[in-house]
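Heads up, work_21.csv below (CSV, C-alpha atoms):
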```csv
chain,number,residue,atom,x,y,z
A,1,MET,CA,172.4,186.0,81.0
A,2,LYS,CA,173.1,188.6,83.7
A,3,PRO,CA,173.0,187.6,87.4
A,4,ARG,CA,169.8,188.7,89.2
A,5,THR,CA,171.3,191.2,91.7
A,6,GLN,CA,168.6,193.9,91.8
A,7,PRO,CA,166.1,192.0,94.0
A,8,VAL,CA,168.9,191.3,96.5
A,9,ARG,CA,169.9,195.0,96.5
A,10,PHE,CA,166.3,196.0,96.9
A,11,ALA,CA,165.8,193.6,99.8
A,12,THR,CA,169.0,194.8,101.5
A,13,SER,CA,168.0,198.5,101.0
A,14,LEU,CA,164.5,197.8,102.4
A,15,ALA,CA,165.9,196.0,105.4
A,16,ALA,CA,168.3,198.9,106.1
A,17,THR,CA,165.5,201.4,105.8
A,18,LEU,CA,163.3,199.5,108.2
A,19,MET,CA,166.1,199.2,110.7
A,20,LEU,CA,166.8,202.9,110.5
A,21,ALA,CA,163.1,203.7,111.0
A,22,LEU,CA,162.9,201.4,114.1
A,23,PHE,CA,166.0,203.1,115.5
A,24,ILE,CA,164.6,206.5,115.0
A,25,ALA,CA,161.2,205.5,116.4
A,26,ALA,CA,162.7,203.9,119.5
A,27,PRO,CA,162.3,206.1,122.6
A,28,ALA,CA,165.6,207.3,124.0
A,29,THR,CA,166.1,206.9,127.8
A,30,ALA,CA,166.7,210.3,129.3
A,31,ALA,CA,169.8,210.3,131.5
A,32,THR,CA,171.9,212.7,133.6
A,33,GLU,CA,175.7,212.6,133.7
A,34,ILE,CA,177.3,212.8,137.2
A,35,ASP,CA,181.1,212.9,137.3
A,36,GLY,CA,181.2,211.1,134.0
A,37,VAL,CA,178.7,208.4,134.9
A,38,ARG,CA,175.2,208.3,133.4
A,39,PHE,CA,172.1,207.7,135.5
A,40,ALA,CA,168.5,207.5,134.3
A,41,ASP,CA,166.4,210.6,135.0
A,42,SER,CA,163.8,208.4,136.7
A,43,VAL,CA,163.3,204.8,137.8
A,44,THR,CA,160.1,202.7,138.2
A,45,ILE,CA,159.6,201.2,141.6
A,46,ASP,CA,156.6,198.8,141.3
A,47,ASP,CA,154.1,201.0,139.5
A,48,THR,CA,155.5,204.4,140.6
A,49,THR,CA,157.9,206.6,138.5
A,50,VAL,CA,160.4,208.1,140.8
A,51,PRO,CA,162.6,211.0,139.6
A,52,LEU,CA,166.3,211.5,140.2
A,53,ARG,CA,166.8,214.0,143.1
A,54,ALA,CA,170.6,214.4,142.8
A,55,GLY,CA,173.9,212.6,142.6
A,56,ARG,CA,177.5,213.0,143.8
A,57,LEU,CA,180.9,211.4,143.8
A,58,TYR,CA,181.9,209.8,147.1
A,59,ARG,CA,185.6,209.9,148.0
A,60,TYR,CA,187.4,208.1,150.9
A,61,THR,CA,190.4,210.2,151.7
A,62,ILE,CA,192.0,210.7,148.2
A,63,PHE,CA,190.3,207.7,146.6
A,64,ARG,CA,187.3,207.9,144.2
A,65,VAL,CA,185.0,205.1,145.5
A,66,TYR,CA,181.6,205.5,143.8
A,67,ILE,CA,179.1,207.8,142.2
A,68,GLY,CA,175.8,207.8,144.0
A,69,ALA,CA,172.3,208.9,142.7
A,70,LEU,CA,169.2,209.2,144.8
A,71,TYR,CA,165.7,208.7,143.5
A,72,VAL,CA,162.8,210.0,145.6
A,73,PRO,CA,159.4,211.7,144.9
A,74,GLN,CA,159.6,215.4,144.2
A,75,ASN,CA,157.1,216.3,147.0
A,76,VAL,CA,159.3,214.9,149.8
A,77,ALA,CA,161.2,217.6,151.6
A,78,PRO,CA,165.0,217.1,152.1
A,79,GLU,CA,164.7,216.6,155.8
A,80,ALA,CA,162.0,213.9,155.3
A,81,VAL,CA,163.8,211.8,152.7
A,82,LEU,CA,165.0,209.2,155.2
A,83,THR,CA,161.8,208.7,157.1
A,84,ALA,CA,159.1,209.2,154.5
A,85,ASP,CA,157.2,206.0,153.7
A,86,VAL,CA,157.6,206.4,149.9
A,87,PRO,CA,159.4,204.5,147.1
A,88,LYS,CA,163.1,205.5,147.0
A,89,ARG,CA,166.3,204.2,145.5
A,90,LEU,CA,170.0,204.8,146.1
A,91,GLU,CA,172.1,203.7,143.1
A,92,LEU,CA,175.8,203.4,143.4
A,93,GLU,CA,178.3,202.9,140.6
A,94,TYR,CA,181.6,201.7,141.9
A,95,LEU,CA,184.9,203.1,140.5
A,96,ARG,CA,187.1,200.4,142.1
A,97,ALA,CA,186.8,196.7,143.1
A,98,ILE,CA,185.4,196.0,146.5
A,99,SER,CA,184.9,192.6,148.2
A,100,ALA,CA,181.6,191.4,149.6
A,101,ASP,CA,183.2,191.1,153.0
A,102,ASP,CA,184.2,194.7,152.9
A,103,PHE,CA,180.6,195.7,152.2
A,104,ARG,CA,179.4,193.7,155.2
A,105,LYS,CA,182.1,195.0,157.6
A,106,SER,CA,181.7,198.7,156.7
A,107,GLY,CA,177.9,198.6,156.8
A,108,ASN,CA,177.8,196.9,160.2
A,109,ARG,CA,180.4,199.3,161.6
A,110,LEU,CA,178.4,202.4,160.4
A,111,LEU,CA,175.1,201.0,161.7
A,112,GLU,CA,176.7,200.4,165.1
A,113,ASP,CA,177.8,204.0,165.2
A,114,GLN,CA,174.4,205.3,164.2
A,115,GLN,CA,171.9,203.1,165.9
A,116,GLU,CA,170.9,202.2,169.5
A,117,ALA,CA,171.7,198.7,170.7
A,118,GLU,CA,167.9,197.9,170.9
A,119,THR,CA,167.4,198.9,167.3
A,120,LEU,CA,170.3,196.8,166.1
A,121,ALA,CA,169.0,193.8,168.1
A,122,ALA,CA,165.6,194.2,166.3
A,123,LEU,CA,167.3,194.3,163.0
A,124,ALA,CA,169.9,191.6,163.6
A,125,ASP,CA,168.2,188.6,161.7
A,126,ARG,CA,167.2,190.8,158.8
A,127,LEU,CA,170.6,192.3,158.6
A,128,ASP,CA,172.3,188.9,158.5
A,129,THR,CA,170.0,188.0,155.6
A,130,PHE,CA,170.7,191.2,153.8
A,131,ASN,CA,174.5,190.9,154.3
A,132,ALA,CA,174.6,187.4,153.0
A,133,ALA,CA,173.5,188.6,149.6
A,134,TYR,CA,176.5,190.9,149.0
A,135,ARG,CA,178.8,189.9,146.1
A,136,ASP,CA,182.3,191.0,145.1
A,137,MET,CA,182.1,194.1,142.9
A,138,GLU,CA,184.4,195.3,140.1
A,139,ALA,CA,184.8,198.8,138.8
A,140,GLY,CA,181.8,199.7,136.7
A,141,ASP,CA,179.4,197.5,138.7
A,142,ARG,CA,176.3,198.9,140.4
A,143,TYR,CA,174.4,198.3,143.6
A,144,ALA,CA,171.0,199.7,144.1
A,145,LEU,CA,169.3,199.9,147.5
A,146,GLU,CA,165.5,200.2,146.9
A,147,TYR,CA,162.7,200.6,149.3
A,148,ARG,CA,159.2,199.4,148.3
A,149,PRO,CA,156.5,200.6,150.8
A,150,GLY,CA,154.6,197.7,152.3
A,151,ARG,CA,157.1,195.2,150.9
A,152,GLY,CA,160.6,195.9,152.0
A,153,THR,CA,164.1,196.9,151.1
A,154,ARG,CA,165.9,195.1,148.4
A,155,LEU,CA,169.4,195.0,147.0
A,156,LEU,CA,170.0,194.8,143.3
A,157,GLN,CA,173.4,194.1,141.6
A,158,ASN,CA,173.5,195.5,138.0
A,159,GLY,CA,169.7,195.5,137.9
A,160,THR,CA,169.3,191.9,139.2
A,161,PRO,CA,167.5,191.6,142.6
A,162,LEU,CA,169.6,189.7,145.2
A,163,VAL,CA,167.5,189.9,148.4
A,164,GLU,CA,164.6,191.7,149.9
A,165,VAL,CA,163.9,192.1,153.6
A,166,PRO,CA,160.7,193.5,155.2
A,167,GLY,CA,160.1,196.5,157.5
A,168,ARG,CA,160.1,200.2,157.2
A,169,ASP,CA,162.4,200.2,160.2
A,170,PHE,CA,165.0,198.3,158.3
A,171,ALA,CA,164.8,200.7,155.4
A,172,GLU,CA,165.2,203.7,157.6
A,173,ALA,CA,168.3,202.2,159.3
A,174,TYR,CA,170.0,201.0,156.2
A,175,PHE,CA,169.4,204.1,154.1
A,176,GLY,CA,170.6,205.9,157.1
A,177,ILE,CA,174.1,204.7,156.4
A,178,TRP,CA,174.2,207.5,153.8
A,179,LEU,CA,171.3,209.7,154.9
A,180,HIS,CA,171.4,209.7,158.7
A,181,PRO,CA,170.6,213.2,160.0
A,182,GLU,CA,173.5,213.3,162.5
A,183,GLN,CA,176.1,210.7,161.5
A,184,PRO,CA,176.0,209.9,157.8
A,185,LEU,CA,178.9,208.3,156.0
A,186,SER,CA,179.5,211.8,154.5
A,187,ARG,CA,177.6,215.0,155.2
A,188,ARG,CA,178.4,216.5,151.8
A,189,PHE,CA,177.3,213.4,150.1
A,190,ARG,CA,174.1,213.2,152.0
A,191,ASP,CA,173.3,216.9,151.7
A,192,THR,CA,173.8,216.9,147.9
A,193,LEU,CA,171.6,213.7,147.5
A,194,ILE,CA,168.7,214.9,149.6
A,195,GLY,CA,168.7,218.4,148.0
A,196,GLN,CA,170.1,220.6,150.7
A,197,ARG,CA,173.1,221.8,148.7
```
So that I can check it, write out the structure of this file as structure tokens.
Amino acid sequence: MKPRTQPVRFATSLAATLMLALFIAAPATAATEIDGVRFADSVTIDDTTVPLRAGRLYRYTIFRVYIGALYVPQNVAPEAVLTADVPKRLELEYLRAISADDFRKSGNRLLEDQQEAETLAALADRLDTFNAAYRDMEAGDRYALEYRPGRGTRLLQNGTPLVEVPGRDFAEAYFGIWLHPEQPLSRRFRDTLIGQR
């Protein structure tokens, strides 16, 4: 008597066909490549779909540090990106390892250069809370800074929320590290992200 192999072959073939159909039917996530790093063409912040505005490589002297991508509604003019009370997200993929302490120190130093003493005093407690959430990062890790109107600014590491602090004033100050109109971290980086270049 011959072994019964046909039903097994049929079952295997059917399973393969179903898997292929599911793969074909699954919607692909649209993405844009920026300096070899892929970013989604849009993100969802609460119930709002927010499109990618632009992205760019950030260098410190000769070192490639990260690729940044900014998500902001299309109807927001470049000069209003920082101050508009709309959902926005700055996503950064790091190209080298950076310690949590370096994030805290560099962020504080830039804020001190950009903001008045009174503003920093008003932000101090929330800034301490935000800074405490930073983690060491390896090459390929991502941070996202995300503003949710009426709720606050949160920090996500590789998609996982770490902290959220309230206040539109905090969002404007912290996004200002990269988007400040007069003293951003890099004018070229800012101008590309907000759509002025």
*Residue contacts of Ser42 (chain A) (6 Å, only C-alpha atoms) excluding same-chain residues fewer than 2 positions away, as a PyMOL selection string*: chain A and resi 40+50-52
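With all atoms listed in the file as the atoms that count, the minimum distance from Gly55 (chain A) to the choices A:Ala100, A:Leu92, A:Leu70, A:Leu120 is reached by A:Leu70.
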*Residue among A:Gln196, A:Asn75, A:Gln157, A:Thr61 lying closest to Tyr134 (chain A), counting all atoms listed in the file*: A:Gln157
_Thr49 (chain A) surroundings by all atoms listed in the file, 12 Å radius, close-in-sequence under 2 positions cut, as a PyMOL selection string_ = chain A and resi 40-47+51-52+71-74+86-89
_Which residue of A:Asp85, A:Ala54, A:Thr129, A:Gly176 approaches Gly150 (chain A) most closely, using all atoms listed in the file_ = A:Asp85
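Pairwise distance (CA of Ile194 (chain A), CA of Ala171 (chain A)) equals 15.8 Å.
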*Which residue gives the smallest distance to Arg148 (chain A) among A:Asp128, A:Glu164, A:Asp136, A:Asp101, with only C-alpha atoms counted?*
A:Glu164
*Just give me the residues with any atom within 10 Å of (158.8, 191.6, 158.4), file coordinates, counting all atoms listed in the file, written as a list of chain:residue names.*
A:Arg126, A:Gly150, A:Arg151, A:Gly152, A:Val165, A:Pro166, A:Gly167, A:Arg168, A:Asp169, A:Phe170
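Residues in contact range of Arg135 (chain A), defined as at most 10 Å between all atoms listed in the file, with sequence neighbours fewer than 4 positions away removed, read Ile98, Ser99, Ala100, Asp101, Asp102, Phe103, Arg104, Asn131, Tyr143, Gln157 and Leu162 of chain A.
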For those residues, write C-alpha atoms to a file as a CSV table (one decimal), keeping the file's coordinate frame.
```
chain,number,residue,atom,x,y,z
A,98,ILE,CA,185.4,196.0,146.5
A,99,SER,CA,184.9,192.6,148.2
A,100,ALA,CA,181.6,191.4,149.6
A,101,ASP,CA,183.2,191.1,153.0
A,102,ASP,CA,184.2,194.7,152.9
A,103,PHE,CA,180.6,195.7,152.2
A,104,ARG,CA,179.4,193.7,155.2
A,131,ASN,CA,174.5,190.9,154.3
A,143,TYR,CA,174.4,198.3,143.6
A,157,GLN,CA,173.4,194.1,141.6
A,162,LEU,CA,169.6,189.7,145.2
```
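Atom pair CA of Ala97 (chain A) / CA of Leu179 (chain A) has a distance of 23.4 Å (rounded to one decimal).
Distances here use all atoms listed in the file; by that measure, the residue among A:Arg38, A:Arg59, A:Arg96, A:Arg190 closest to Gly140 (chain A) is A:Arg96.
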*Kindly indicate which residue among A:Phe130, A:Tyr147, A:Phe189, A:Tyr174 lies nearest to Tyr66 (chain A), using all atoms listed in the file for the distances.*
A:Phe189
Output requested as a PDB file, keeping the file's coordinate frame - region 90-101 of chain A, filled out with all heavy atoms.
```
ATOM      1  N   LEU A  90     168.597 204.278 146.095  1.00  0.00           N
ATOM      2  CA  LEU A  90     170.000 204.800 146.100  1.00  0.00           C
ATOM      3  C   LEU A  90     170.791 203.913 145.196  1.00  0.00           C
ATOM      4  O   LEU A  90     170.938 202.722 145.476  1.00  0.00           O
ATOM      5  CB  LEU A  90     170.537 204.849 147.510  1.00  0.00           C
ATOM      6  CG  LEU A  90     171.995 205.297 147.624  1.00  0.00           C
ATOM      7  CD1 LEU A  90     172.171 206.728 147.116  1.00  0.00           C
ATOM      8  CD2 LEU A  90     172.482 205.176 149.062  1.00  0.00           C
ATOM      9  N   GLU A  91     171.290 204.467 144.099  1.00  0.00           N
ATOM     10  CA  GLU A  91     172.100 203.700 143.100  1.00  0.00           C
ATOM     11  C   GLU A  91     173.514 204.126 143.180  1.00  0.00           C
ATOM     12  O   GLU A  91     173.796 205.324 143.140  1.00  0.00           O
ATOM     13  CB  GLU A  91     171.477 203.855 141.738  1.00  0.00           C
ATOM     14  CG  GLU A  91     172.019 202.895 140.720  1.00  0.00           C
ATOM     15  CD  GLU A  91     171.133 202.807 139.484  1.00  0.00           C
ATOM     16  OE1 GLU A  91     169.891 202.841 139.614  1.00  0.00           O
ATOM     17  OE2 GLU A  91     171.707 202.706 138.386  1.00  0.00           O
ATOM     18  N   LEU A  92     174.421 203.158 143.287  1.00  0.00           N
ATOM     19  CA  LEU A  92     175.800 203.400 143.400  1.00  0.00           C
ATOM     20  C   LEU A  92     176.629 202.726 142.340  1.00  0.00           C
ATOM     21  O   LEU A  92     176.544 201.491 142.232  1.00  0.00           O
ATOM     22  CB  LEU A  92     176.348 202.979 144.798  1.00  0.00           C
ATOM     23  CG  LEU A  92     175.577 203.475 146.027  1.00  0.00           C
ATOM     24  CD1 LEU A  92     176.044 202.749 147.275  1.00  0.00           C
ATOM     25  CD2 LEU A  92     175.729 204.982 146.192  1.00  0.00           C
ATOM     26  N   GLU A  93     177.374 203.475 141.539  1.00  0.00           N
ATOM     27  CA  GLU A  93     178.300 202.900 140.600  1.00  0.00           C
ATOM     28  C   GLU A  93     179.703 202.924 141.145  1.00  0.00           C
ATOM     29  O   GLU A  93     180.219 204.015 141.417  1.00  0.00           O
ATOM     30  CB  GLU A  93     178.244 203.499 139.202  1.00  0.00           C
ATOM     31  CG  GLU A  93     179.263 202.852 138.268  1.00  0.00           C
ATOM     32  CD  GLU A  93     179.014 203.075 136.795  1.00  0.00           C
ATOM     33  OE1 GLU A  93     177.836 203.107 136.363  1.00  0.00           O
ATOM     34  OE2 GLU A  93     180.016 203.212 136.067  1.00  0.00           O
ATOM     35  N   TYR A  94     180.321 201.757 141.294  1.00  0.00           N
ATOM     36  CA  TYR A  94     181.600 201.700 141.900  1.00  0.00           C
ATOM     37  C   TYR A  94     182.749 201.938 140.919  1.00  0.00           C
ATOM     38  O   TYR A  94     182.697 201.495 139.772  1.00  0.00           O
ATOM     39  CB  TYR A  94     181.795 200.298 142.608  1.00  0.00           C
ATOM     40  CG  TYR A  94     180.918 200.240 143.829  1.00  0.00           C
ATOM     41  CD1 TYR A  94     179.576 199.887 143.717  1.00  0.00           C
ATOM     42  CD2 TYR A  94     181.404 200.626 145.067  1.00  0.00           C
ATOM     43  CE1 TYR A  94     178.749 199.908 144.824  1.00  0.00           C
ATOM     44  CE2 TYR A  94     180.576 200.645 146.175  1.00  0.00           C
ATOM     45  CZ  TYR A  94     179.251 200.284 146.052  1.00  0.00           C
ATOM     46  OH  TYR A  94     178.433 200.323 147.142  1.00  0.00           O
ATOM     47  N   LEU A  95     183.760 202.664 141.384  1.00  0.00           N
ATOM     48  CA  LEU A  95     184.900 203.100 140.500  1.00  0.00           C
ATOM     49  C   LEU A  95     186.107 202.203 140.826  1.00  0.00           C
ATOM     50  O   LEU A  95     187.153 202.398 140.209  1.00  0.00           O
ATOM     51  CB  LEU A  95     185.203 204.540 140.764  1.00  0.00           C
ATOM     52  CG  LEU A  95     184.020 205.486 140.576  1.00  0.00           C
ATOM     53  CD1 LEU A  95     184.429 206.916 140.895  1.00  0.00           C
ATOM     54  CD2 LEU A  95     183.463 205.383 139.163  1.00  0.00           C
ATOM     55  N   ARG A  96     185.982 201.258 141.755  1.00  0.00           N
ATOM     56  CA  ARG A  96     187.100 200.400 142.100  1.00  0.00           C
ATOM     57  C   ARG A  96     186.486 199.046 142.617  1.00  0.00           C
ATOM     58  O   ARG A  96     185.317 199.002 142.997  1.00  0.00           O
ATOM     59  CB  ARG A  96     188.003 200.984 143.147  1.00  0.00           C
ATOM     60  CG  ARG A  96     187.301 201.406 144.400  1.00  0.00           C
ATOM     61  CD  ARG A  96     188.076 202.425 145.248  1.00  0.00           C
ATOM     62  NE  ARG A  96     189.478 202.170 145.329  1.00  0.00           N
ATOM     63  CZ  ARG A  96     190.410 202.922 144.723  1.00  0.00           C
ATOM     64  NH1 ARG A  96     190.045 203.969 144.002  1.00  0.00           N
ATOM     65  NH2 ARG A  96     191.686 202.651 144.849  1.00  0.00           N
ATOM     66  N   ALA A  97     187.272 198.007 142.600  1.00  0.00           N
ATOM     67  CA  ALA A  97     186.800 196.700 143.100  1.00  0.00           C
ATOM     68  C   ALA A  97     186.685 196.709 144.605  1.00  0.00           C
ATOM     69  O   ALA A  97     187.538 197.265 145.295  1.00  0.00           O
ATOM     70  CB  ALA A  97     187.785 195.610 142.644  1.00  0.00           C
ATOM     71  N   ILE A  98     185.595 196.119 145.107  1.00  0.00           N
ATOM     72  CA  ILE A  98     185.400 196.000 146.500  1.00  0.00           C
ATOM     73  C   ILE A  98     184.807 194.614 146.828  1.00  0.00           C
ATOM     74  O   ILE A  98     183.917 194.140 146.119  1.00  0.00           O
ATOM     75  CB  ILE A  98     184.375 197.087 147.053  1.00  0.00           C
ATOM     76  CG1 ILE A  98     184.913 198.485 146.742  1.00  0.00           C
ATOM     77  CG2 ILE A  98     184.113 196.939 148.546  1.00  0.00           C
ATOM     78  CD1 ILE A  98     184.000 199.620 147.152  1.00  0.00           C
ATOM     79  N   SER A  99     185.306 193.981 147.874  1.00  0.00           N
ATOM     80  CA  SER A  99     184.900 192.600 148.200  1.00  0.00           C
ATOM     81  C   SER A  99     183.545 192.630 148.945  1.00  0.00           C
ATOM     82  O   SER A  99     183.208 193.606 149.628  1.00  0.00           O
ATOM     83  CB  SER A  99     185.926 191.888 149.015  1.00  0.00           C
ATOM     84  OG  SER A  99     185.945 192.394 150.339  1.00  0.00           O
ATOM     85  N   ALA A 100     182.831 191.519 148.853  1.00  0.00           N
ATOM     86  CA  ALA A 100     181.600 191.400 149.600  1.00  0.00           C
ATOM     87  C   ALA A 100     181.804 191.522 151.092  1.00  0.00           C
ATOM     88  O   ALA A 100     180.992 192.127 151.803  1.00  0.00           O
ATOM     89  CB  ALA A 100     180.955 190.016 149.273  1.00  0.00           C
ATOM     90  N   ASP A 101     182.907 190.994 151.571  1.00  0.00           N
ATOM     91  CA  ASP A 101     183.200 191.100 153.000  1.00  0.00           C
ATOM     92  C   ASP A 101     183.402 192.512 153.455  1.00  0.00           C
ATOM     93  O   ASP A 101     182.987 192.902 154.554  1.00  0.00           O
ATOM     94  CB  ASP A 101     184.431 190.224 153.323  1.00  0.00           C
ATOM     95  CG  ASP A 101     184.545 189.929 154.808  1.00  0.00           C
ATOM     96  OD1 ASP A 101     183.521 189.540 155.418  1.00  0.00           O
ATOM     97  OD2 ASP A 101     185.651 190.082 155.371  1.00  0.00           O
TER      98      ASP A 101
END
```
